[in-house]
Amino acid sequence: MRRFRPHLVLALAGIVIASAAAEGADVGPTYALINLKVVPVSGPILEKGTIIVRDGLVEAVGPAGKITIPEDAEIVDGEGLTAYPGLISAHTNLFLEEAASPARPQSPAEFAAAVAPPSPPDQPGHEVFDQLKPKKASIDGFLKAGITTVLVAPGRGIFQGQSVLLNLNGEEAGPMVVRNPVALHLNFTTARGSYPSSLMGTIAYIRQKFYDAVHGATVRAVYAKNLKGMKRPAYDPFAMALVPFVRDKRPVVFQCNNREEIKRALTIIEEFKLNGWLSHANEAWREADLLKKTKLPLLVTLDARPPRSSLYVNQGEDLRKKAEAEIYPANAANLAKSGVPFALTSLGLADGPAFLKAVQAAIKAGLSREDALRALTIRPAEYLGVAAELGTLEAGKIANIVLAKGDLFDEKTEIVRVFVDGVPAKF
């Protein structure tokens with residue numbers, strides 16, 4: 001028989017206790033939000049409701065009197081307040097610093113370089129997470145507007161790179177991550193100082209890169225089955241970075257800055273059978289019938305500035321101002337009337353206050369408050385594949401909660417408190 005060794009048992013017990021203590025240290029606080037009007041989005045409004053938050057999650061939500069208040073909960077009396085799910089902006093360029101302006105050229109060679117500086121190289125495999133530089137001022141501005149979750153995408157180049165989904169729960173990028181990476185982002189821009197320097201060139205460039213990816217994936221698959229007797233195919237890092245998007249159908253987001261780019265994106269999506277999404281799309285109402293048929297995820301910016309290609313820009317300042325004040329704010333309302341589903345984004349807007357003003361302008365232009373709320377909560381959560389975690393106030397979901405004094409989108413409404421990942425945010 002083996003000899004009993006009590007010192008080993010005690011050592012193992014110590015490890016288990018230490019492990020349990022370490023896990024306990026990570027458990028978040030418990031809150032009971034009481035006397036609230038609750039707008040869960042996924043169900044009927046509760047005129048007098050209670051929300052229990054424990055360890056970052058919604059533990060329970062329901063009518064007052066039917067939810068048991070835990071003994072260890074900190075009570076948050078929400079008398080006169082309305083609780084909403086945290087808003088989601090499904091496309092931003094938040095936390096990305098623009099390149100510094102170049103110094104004034106001092107020589108003919110420097111002047112020539114400054115006239116046509118090369119564009120940054122396209123990097124479809126690049127993850128924007130590596131570029132993030134969170135700033136408290138930016139976070140606070142979004143939280144004050146009720147935005148608790150953002151999709152951050154690269155903002156430069158044609159094949160811009162891959163986005164990340166963040167909860168605005170602090171000033172460190174790592175703890176913010178909900179999903180990474182999320183999608184590849186493309187823009188119909190042109191390169192400076194190199195190919196492609198024209199729109200036709202950009203379209204040809206995009207198509208060629210996807211063709212290279214399809215060909216590369218096919219050749220690699222054949223080679224994997226014939227390792228003996230077949231020459232090893234050359235490695236193309238650009239094409240290989242695109243393989244998950246043409247073969248595995250990971251999302252590809254096309255930034256469409258006018259109606260023509262919507263049609264171009266749809267053609268490319270169909271040609272390569274991509275899991276395509278459309279973003280920006282502030283002229284989407286002009287292609288509503290086409291978009292209704294495609295049923296692709298549509299991320300519509302609240303930025304009401306007409307694109308430079310628009311006739312409203314090129315026929316005088318008065319018409320441009322009228323378009324910005326009346327025509328483009330009605331984009332979302334017209335899509336809703338046409339039966340086209342969409343999520344709203346803050347892409348192109350400077351900060352949280354600008355976002356709120358843009359939502360209010362869209363509502364004034366005919367978008368219902370209910371449609372606006374769904375387009376900033378449950379709809380983007382569904383598109384982004386996080387509907388089991390975000391987008392509504394339901395038990396088991398991440399506790400991103402906005403407490404507002406008044407209707408969330410009213411001009412005089414004050415956002416009193418915001419919970420992100422179950423913790424009150426300081427702003």
# chains A, B, ... in the order shown; residues from 1 in each chain; ligands from 1

$ residues_around --residues "range 294-308 of chain A" --least-positions-apart "2" --cutoff "9 Å" --atoms "only C-alpha atoms" --output "compact mmCIF listing (two decimals) with C-alpha atoms, in the first residue's frame"
# COMPACT_ATOMS: atom_id res chain seq x y z
CA ALA A 90 -22.03 49.60 -35.44
CA HIS A 91 -19.36 51.61 -37.30
CA ASN A 257 -20.29 56.94 -49.78
CA ASN A 258 -22.96 57.46 -52.47
CA LEU A 266 -23.60 44.74 -54.51
CA ASN A 275 -20.96 37.75 -46.80
CA GLY A 276 -21.28 41.41 -47.65
CA TRP A 277 -22.48 44.30 -45.51
CA LEU A 278 -23.00 47.91 -46.58
CA SER A 279 -21.97 50.82 -44.40
CA HIS A 280 -22.16 54.63 -44.41
CA ALA A 281 -24.94 54.52 -47.03
CA ASN A 282 -26.44 57.97 -46.44
CA GLU A 283 -27.91 57.74 -49.95
CA ALA A 284 -29.44 54.31 -49.30
CA LEU A 290 -32.73 47.19 -54.58
CA LEU A 291 -31.68 46.96 -50.92
CA LYS A 292 -35.01 45.47 -49.92
CA SER A 310 -24.16 64.71 -54.97
CA LEU A 311 -25.98 67.19 -57.20
CA TYR A 312 -26.99 68.96 -53.97
CA VAL A 313 -23.34 69.85 -53.37
CA ASN A 314 -22.61 70.98 -56.90
CA ARG A 320 -26.35 71.99 -50.08
CA LYS A 321 -27.61 73.44 -46.77
CA ALA A 323 -30.07 68.88 -48.38
CA GLU A 324 -28.08 68.65 -45.14
CA ALA A 325 -30.94 69.99 -43.05
CA GLU A 326 -33.91 68.24 -44.69
CA ILE A 327 -33.13 65.62 -47.34
CA TYR A 328 -30.31 63.48 -45.92
CA PRO A 329 -31.66 63.37 -42.32
CA ALA A 330 -34.73 61.64 -43.82
CA ASN A 331 -32.61 58.75 -45.18
CA ALA A 332 -33.43 56.42 -42.25
CA VAL A 340 -35.61 48.07 -45.46
CA PRO A 341 -34.06 46.98 -42.13
CA PHE A 342 -30.96 48.84 -40.94
CA ALA A 343 -28.75 49.73 -38.01
CA LEU A 344 -27.72 53.32 -37.32
CA THR A 345 -24.12 54.39 -36.76
CA SER A 346 -22.16 57.45 -35.68
CA LEU A 347 -19.63 57.11 -38.52
CA GLY A 348 -18.44 60.55 -39.61
CA LEU A 349 -19.81 62.35 -36.54
CA PHE A 355 -24.63 61.82 -32.52
CA ALA A 358 -28.25 63.60 -35.57
CA VAL A 359 -30.68 61.06 -34.03
CA ALA A 361 -32.79 65.25 -36.70
CA ALA A 362 -33.63 61.81 -38.12
CA PRO A 380 -26.84 46.03 -34.68
CA TYR A 383 -25.87 41.96 -37.38

$ residues_around --residues "Lys397 in chain A" --least-positions-apart "3" --cutoff "6 Å" --atoms "only C-alpha atoms" --output "ChimeraX atom specification"
/A:57-58,389,394

$ closest_residue --among "A:Ile398, A:Ala64, A:Ala365, A:Ala191" --to "Leu335 in chain A" --atoms "only C-alpha atoms"
A:Ala365

$ select_by_dssp --residues "range 331-364 of chain A" --states "alpha helix (DSSP H)" --output "PyMOL selection string"
chain A and resi 331-337+352-364

$ write_last_selection --atoms "N, CA and C atoms" --output "PDB file, in the first residue's frame"
ATOM      1  N   ASN A 331     -33.062  60.022 -44.610  1.00  0.00           N
ATOM      2  CA  ASN A 331     -32.611  58.750 -45.176  1.00  0.00           C
ATOM      3  C   ASN A 331     -33.175  57.555 -44.403  1.00  0.00           C
ATOM      4  N   ALA A 332     -32.978  57.553 -43.071  1.00  0.00           N
ATOM      5  CA  ALA A 332     -33.432  56.420 -42.252  1.00  0.00           C
ATOM      6  C   ALA A 332     -34.947  56.285 -42.275  1.00  0.00           C
ATOM      7  N   ALA A 333     -35.665  57.413 -42.195  1.00  0.00           N
ATOM      8  CA  ALA A 333     -37.128  57.369 -42.208  1.00  0.00           C
ATOM      9  C   ALA A 333     -37.638  56.782 -43.520  1.00  0.00           C
ATOM     10  N   ASN A 334     -37.018  57.164 -44.627  1.00  0.00           N
ATOM     11  CA  ASN A 334     -37.443  56.652 -45.933  1.00  0.00           C
ATOM     12  C   ASN A 334     -37.155  55.154 -46.071  1.00  0.00           C
ATOM     13  N   LEU A 335     -36.033  54.717 -45.506  1.00  0.00           N
ATOM     14  CA  LEU A 335     -35.735  53.283 -45.526  1.00  0.00           C
ATOM     15  C   LEU A 335     -36.759  52.505 -44.715  1.00  0.00           C
ATOM     16  N   ALA A 336     -37.098  53.040 -43.534  1.00  0.00           N
ATOM     17  CA  ALA A 336     -38.089  52.365 -42.687  1.00  0.00           C
ATOM     18  C   ALA A 336     -39.441  52.275 -43.392  1.00  0.00           C
ATOM     19  N   LYS A 337     -39.844  53.346 -44.061  1.00  0.00           N
ATOM     20  CA  LYS A 337     -41.113  53.338 -44.789  1.00  0.00           C
ATOM     21  C   LYS A 337     -41.097  52.330 -45.932  1.00  0.00           C
ATOM     22  N   GLY A 352     -20.241  62.310 -29.135  1.00  0.00           N
ATOM     23  CA  GLY A 352     -21.541  61.917 -28.621  1.00  0.00           C
ATOM     24  C   GLY A 352     -22.626  62.961 -28.811  1.00  0.00           C
ATOM     25  N   PRO A 353     -22.376  64.230 -28.436  1.00  0.00           N
ATOM     26  CA  PRO A 353     -23.406  65.262 -28.646  1.00  0.00           C
ATOM     27  C   PRO A 353     -23.837  65.394 -30.103  1.00  0.00           C
ATOM     28  N   ALA A 354     -22.879  65.285 -31.034  1.00  0.00           N
ATOM     29  CA  ALA A 354     -23.225  65.354 -32.463  1.00  0.00           C
ATOM     30  C   ALA A 354     -24.095  64.166 -32.855  1.00  0.00           C
ATOM     31  N   PHE A 355     -23.822  63.014 -32.272  1.00  0.00           N
ATOM     32  CA  PHE A 355     -24.635  61.823 -32.522  1.00  0.00           C
ATOM     33  C   PHE A 355     -26.076  62.041 -32.058  1.00  0.00           C
ATOM     34  N   LEU A 356     -26.260  62.537 -30.839  1.00  0.00           N
ATOM     35  CA  LEU A 356     -27.613  62.760 -30.322  1.00  0.00           C
ATOM     36  C   LEU A 356     -28.381  63.752 -31.184  1.00  0.00           C
ATOM     37  N   LYS A 357     -27.724  64.821 -31.605  1.00  0.00           N
ATOM     38  CA  LYS A 357     -28.378  65.803 -32.482  1.00  0.00           C
ATOM     39  C   LYS A 357     -28.789  65.156 -33.803  1.00  0.00           C
ATOM     40  N   ALA A 358     -27.950  64.272 -34.305  1.00  0.00           N
ATOM     41  CA  ALA A 358     -28.254  63.602 -35.570  1.00  0.00           C
ATOM     42  C   ALA A 358     -29.431  62.651 -35.418  1.00  0.00           C
ATOM     43  N   VAL A 359     -29.521  61.932 -34.277  1.00  0.00           N
ATOM     44  CA  VAL A 359     -30.678  61.065 -34.031  1.00  0.00           C
ATOM     45  C   VAL A 359     -31.949  61.902 -33.971  1.00  0.00           C
ATOM     46  N   GLN A 360     -31.880  63.012 -33.260  1.00  0.00           N
ATOM     47  CA  GLN A 360     -33.041  63.896 -33.131  1.00  0.00           C
ATOM     48  C   GLN A 360     -33.459  64.452 -34.496  1.00  0.00           C
ATOM     49  N   ALA A 361     -32.477  64.770 -35.350  1.00  0.00           N
ATOM     50  CA  ALA A 361     -32.790  65.254 -36.697  1.00  0.00           C
ATOM     51  C   ALA A 361     -33.469  64.175 -37.520  1.00  0.00           C
ATOM     52  N   ALA A 362     -33.011  62.914 -37.383  1.00  0.00           N
ATOM     53  CA  ALA A 362     -33.629  61.808 -38.115  1.00  0.00           C
ATOM     54  C   ALA A 362     -35.068  61.590 -37.653  1.00  0.00           C
ATOM     55  N   ILE A 363     -35.311  61.717 -36.348  1.00  0.00           N
ATOM     56  CA  ILE A 363     -36.668  61.573 -35.818  1.00  0.00           C
ATOM     57  C   ILE A 363     -37.551  62.727 -36.293  1.00  0.00           C
ATOM     58  N   LYS A 364     -37.011  63.907 -36.278  1.00  0.00           N
ATOM     59  CA  LYS A 364     -37.758  65.073 -36.774  1.00  0.00           C
ATOM     60  C   LYS A 364     -38.116  64.905 -38.245  1.00  0.00           C
TER      61      LYS A 364
END

$ select_by_dssp --residues "range 135-211 of chain A" --states "strand (DSSP E)" --output "MDAnalysis selection string"
chainID A and resid 147:152 159:162 164:167 177:179 184:187

$ write_last_selection --atoms "N, CA and C atoms" --output "compact mmCIF listing (two decimals), in the first residue's frame"
# COMPACT_ATOMS: atom_id res chain seq x y z
N ILE A 147 -24.25 55.66 -25.65
CA ILE A 147 -23.56 54.63 -26.44
C ILE A 147 -22.59 53.88 -25.53
N THR A 148 -22.79 52.59 -25.39
CA THR A 148 -21.93 51.77 -24.53
C THR A 148 -21.07 50.78 -25.32
N THR A 149 -21.42 50.56 -26.59
CA THR A 149 -20.71 49.57 -27.41
C THR A 149 -20.45 50.17 -28.79
N VAL A 150 -19.25 49.97 -29.30
CA VAL A 150 -18.90 50.52 -30.61
C VAL A 150 -18.13 49.49 -31.43
N LEU A 151 -18.39 49.49 -32.73
CA LEU A 151 -17.53 48.76 -33.66
C LEU A 151 -16.51 49.75 -34.17
N VAL A 152 -15.25 49.47 -33.96
CA VAL A 152 -14.18 50.36 -34.42
C VAL A 152 -13.53 49.73 -35.64
N PHE A 159 -8.44 48.22 -48.97
CA PHE A 159 -8.62 47.10 -48.03
C PHE A 159 -8.11 47.60 -46.69
N GLN A 160 -9.00 48.10 -45.86
CA GLN A 160 -8.59 48.88 -44.70
C GLN A 160 -8.11 48.04 -43.53
N GLY A 161 -8.58 46.81 -43.42
CA GLY A 161 -8.23 45.98 -42.28
C GLY A 161 -9.48 45.51 -41.56
N GLN A 162 -9.29 44.95 -40.36
CA GLN A 162 -10.38 44.28 -39.66
C GLN A 162 -10.76 44.99 -38.37
N VAL A 164 -12.97 45.77 -34.63
CA VAL A 164 -13.11 45.18 -33.31
C VAL A 164 -14.35 45.76 -32.64
N LEU A 165 -15.05 44.94 -31.87
CA LEU A 165 -16.23 45.40 -31.14
C LEU A 165 -15.85 45.60 -29.68
N LEU A 166 -16.15 46.80 -29.15
CA LEU A 166 -15.72 47.19 -27.81
C LEU A 166 -16.89 47.60 -26.94
N ASN A 167 -16.81 47.26 -25.66
CA ASN A 167 -17.64 47.87 -24.63
C ASN A 167 -16.84 49.00 -24.00
N VAL A 177 -12.75 44.57 -25.12
CA VAL A 177 -13.04 43.75 -26.30
C VAL A 177 -14.22 42.80 -26.06
N VAL A 178 -15.20 42.88 -26.96
CA VAL A 178 -16.32 41.94 -26.99
C VAL A 178 -16.08 40.89 -28.08
N ARG A 179 -15.66 41.34 -29.26
CA ARG A 179 -15.32 40.45 -30.37
C ARG A 179 -14.12 41.04 -31.11
N LEU A 184 -13.87 42.47 -42.23
CA LEU A 184 -12.94 43.19 -43.10
C LEU A 184 -13.67 44.40 -43.68
N HIS A 185 -12.98 45.54 -43.73
CA HIS A 185 -13.60 46.77 -44.22
C HIS A 185 -12.90 47.26 -45.49
N LEU A 186 -13.73 47.62 -46.49
CA LEU A 186 -13.25 48.14 -47.77
C LEU A 186 -13.85 49.50 -48.04
N ASN A 187 -13.12 50.30 -48.80
CA ASN A 187 -13.61 51.62 -49.20
C ASN A 187 -13.26 51.85 -50.66

$ closest_residue --among "A:Ala73, A:Cys256, A:Glu127, A:Ile378" --to "Asp55 in chain A" --atoms "only C-alpha atoms"
A:Ala73

$ atom_distance --atom1 "CA of Ile139 in chain A" --atom2 "CA of Thr189 in chain A"
28.8 Å

$ closest_residue --among "A:Leu96, A:Val386, A:Leu36, A:Ala137" --to "Gly155 in chain A" --atoms "only C-alpha atoms"
A:Leu96

$ closest_residue --among "A:Lys322, A:Lys225, A:Lys37, A:Lys209" --to "Gly62 in chain A" --atoms "only C-alpha atoms"
A:Lys37

$ residues_around --residues "Val39 in chain A" --least-positions-apart "5" --cutoff "9 Å" --atoms "only C-alpha atoms" --output "list in words"
Pro44, Ile45, Leu46, Glu47, Thr82, Ala83, Tyr84, Pro85, Thr392 and Leu393 of chain A

$ decode --residues "range 247-271 of chain A" --atoms "N, CA and C atoms" --output "PDB file, in the first residue's frame"
ATOM      1  N   ARG A 247     -13.729  32.069 -48.697  1.00  0.00           N
ATOM      2  CA  ARG A 247     -13.974  30.642 -48.476  1.00  0.00           C
ATOM      3  C   ARG A 247     -14.900  30.397 -47.282  1.00  0.00           C
ATOM      4  N   ASP A 248     -14.612  31.071 -46.169  1.00  0.00           N
ATOM      5  CA  ASP A 248     -15.355  30.834 -44.926  1.00  0.00           C
ATOM      6  C   ASP A 248     -16.494  31.829 -44.710  1.00  0.00           C
ATOM      7  N   LYS A 249     -16.607  32.788 -45.624  1.00  0.00           N
ATOM      8  CA  LYS A 249     -17.716  33.761 -45.611  1.00  0.00           C
ATOM      9  C   LYS A 249     -17.738  34.627 -44.348  1.00  0.00           C
ATOM     10  N   ARG A 250     -16.566  35.000 -43.877  1.00  0.00           N
ATOM     11  CA  ARG A 250     -16.526  35.995 -42.819  1.00  0.00           C
ATOM     12  C   ARG A 250     -16.987  37.342 -43.384  1.00  0.00           C
ATOM     13  N   PRO A 251     -17.536  38.241 -42.560  1.00  0.00           N
ATOM     14  CA  PRO A 251     -18.151  39.472 -43.083  1.00  0.00           C
ATOM     15  C   PRO A 251     -17.158  40.411 -43.764  1.00  0.00           C
ATOM     16  N   VAL A 252     -17.629  41.003 -44.855  1.00  0.00           N
ATOM     17  CA  VAL A 252     -16.875  42.034 -45.579  1.00  0.00           C
ATOM     18  C   VAL A 252     -17.770  43.274 -45.648  1.00  0.00           C
ATOM     19  N   VAL A 253     -17.310  44.373 -45.070  1.00  0.00           N
ATOM     20  CA  VAL A 253     -18.101  45.605 -45.000  1.00  0.00           C
ATOM     21  C   VAL A 253     -17.593  46.594 -46.051  1.00  0.00           C
ATOM     22  N   PHE A 254     -18.489  46.970 -46.968  1.00  0.00           N
ATOM     23  CA  PHE A 254     -18.151  47.961 -47.989  1.00  0.00           C
ATOM     24  C   PHE A 254     -18.665  49.323 -47.544  1.00  0.00           C
ATOM     25  N   GLN A 255     -17.763  50.293 -47.464  1.00  0.00           N
ATOM     26  CA  GLN A 255     -18.191  51.654 -47.149  1.00  0.00           C
ATOM     27  C   GLN A 255     -18.681  52.316 -48.429  1.00  0.00           C
ATOM     28  N   CYS A 256     -19.966  52.639 -48.453  1.00  0.00           N
ATOM     29  CA  CYS A 256     -20.608  53.164 -49.662  1.00  0.00           C
ATOM     30  C   CYS A 256     -20.953  54.636 -49.440  1.00  0.00           C
ATOM     31  N   ASN A 257     -20.164  55.524 -50.044  1.00  0.00           N
ATOM     32  CA  ASN A 257     -20.291  56.945 -49.779  1.00  0.00           C
ATOM     33  C   ASN A 257     -21.287  57.649 -50.700  1.00  0.00           C
ATOM     34  N   ASN A 258     -21.895  56.919 -51.625  1.00  0.00           N
ATOM     35  CA  ASN A 258     -22.964  57.464 -52.471  1.00  0.00           C
ATOM     36  C   ASN A 258     -23.736  56.294 -53.076  1.00  0.00           C
ATOM     37  N   ARG A 259     -24.778  56.591 -53.809  1.00  0.00           N
ATOM     38  CA  ARG A 259     -25.643  55.522 -54.332  1.00  0.00           C
ATOM     39  C   ARG A 259     -24.920  54.634 -55.339  1.00  0.00           C
ATOM     40  N   GLU A 260     -24.000  55.190 -56.118  1.00  0.00           N
ATOM     41  CA  GLU A 260     -23.280  54.393 -57.111  1.00  0.00           C
ATOM     42  C   GLU A 260     -22.390  53.361 -56.426  1.00  0.00           C
ATOM     43  N   GLU A 261     -21.812  53.737 -55.290  1.00  0.00           N
ATOM     44  CA  GLU A 261     -20.967  52.784 -54.581  1.00  0.00           C
ATOM     45  C   GLU A 261     -21.789  51.649 -53.979  1.00  0.00           C
ATOM     46  N   ILE A 262     -23.038  51.913 -53.641  1.00  0.00           N
ATOM     47  CA  ILE A 262     -23.930  50.835 -53.190  1.00  0.00           C
ATOM     48  C   ILE A 262     -24.077  49.796 -54.294  1.00  0.00           C
ATOM     49  N   LYS A 263     -24.318  50.255 -55.499  1.00  0.00           N
ATOM     50  CA  LYS A 263     -24.496  49.326 -56.623  1.00  0.00           C
ATOM     51  C   LYS A 263     -23.195  48.592 -56.957  1.00  0.00           C
ATOM     52  N   ARG A 264     -22.075  49.301 -56.866  1.00  0.00           N
ATOM     53  CA  ARG A 264     -20.784  48.652 -57.131  1.00  0.00           C
ATOM     54  C   ARG A 264     -20.516  47.564 -56.088  1.00  0.00           C
ATOM     55  N   ALA A 265     -20.789  47.873 -54.833  1.00  0.00           N
ATOM     56  CA  ALA A 265     -20.556  46.895 -53.772  1.00  0.00           C
ATOM     57  C   ALA A 265     -21.430  45.664 -53.964  1.00  0.00           C
ATOM     58  N   LEU A 266     -22.691  45.873 -54.306  1.00  0.00           N
ATOM     59  CA  LEU A 266     -23.598  44.742 -54.511  1.00  0.00           C
ATOM     60  C   LEU A 266     -23.127  43.850 -55.659  1.00  0.00           C
ATOM     61  N   THR A 267     -22.571  44.442 -56.692  1.00  0.00           N
ATOM     62  CA  THR A 267     -22.063  43.661 -57.828  1.00  0.00           C
ATOM     63  C   THR A 267     -20.894  42.779 -57.397  1.00  0.00           C
ATOM     64  N   ILE A 268     -19.962  43.346 -56.621  1.00  0.00           N
ATOM     65  CA  ILE A 268     -18.791  42.588 -56.167  1.00  0.00           C
ATOM     66  C   ILE A 268     -19.208  41.498 -55.186  1.00  0.00           C
ATOM     67  N   ILE A 269     -20.139  41.818 -54.294  1.00  0.00           N
ATOM     68  CA  ILE A 269     -20.628  40.831 -53.321  1.00  0.00           C
ATOM     69  C   ILE A 269     -21.242  39.630 -54.044  1.00  0.00           C
ATOM     70  N   GLU A 270     -22.032  39.908 -55.078  1.00  0.00           N
ATOM     71  CA  GLU A 270     -22.665  38.837 -55.840  1.00  0.00           C
ATOM     72  C   GLU A 270     -21.634  38.047 -56.636  1.00  0.00           C
ATOM     73  N   GLU A 271     -20.672  38.740 -57.223  1.00  0.00           N
ATOM     74  CA  GLU A 271     -19.675  38.076 -58.059  1.00  0.00           C
ATOM     75  C   GLU A 271     -18.863  37.049 -57.272  1.00  0.00           C
TER      76      GLU A 271
END
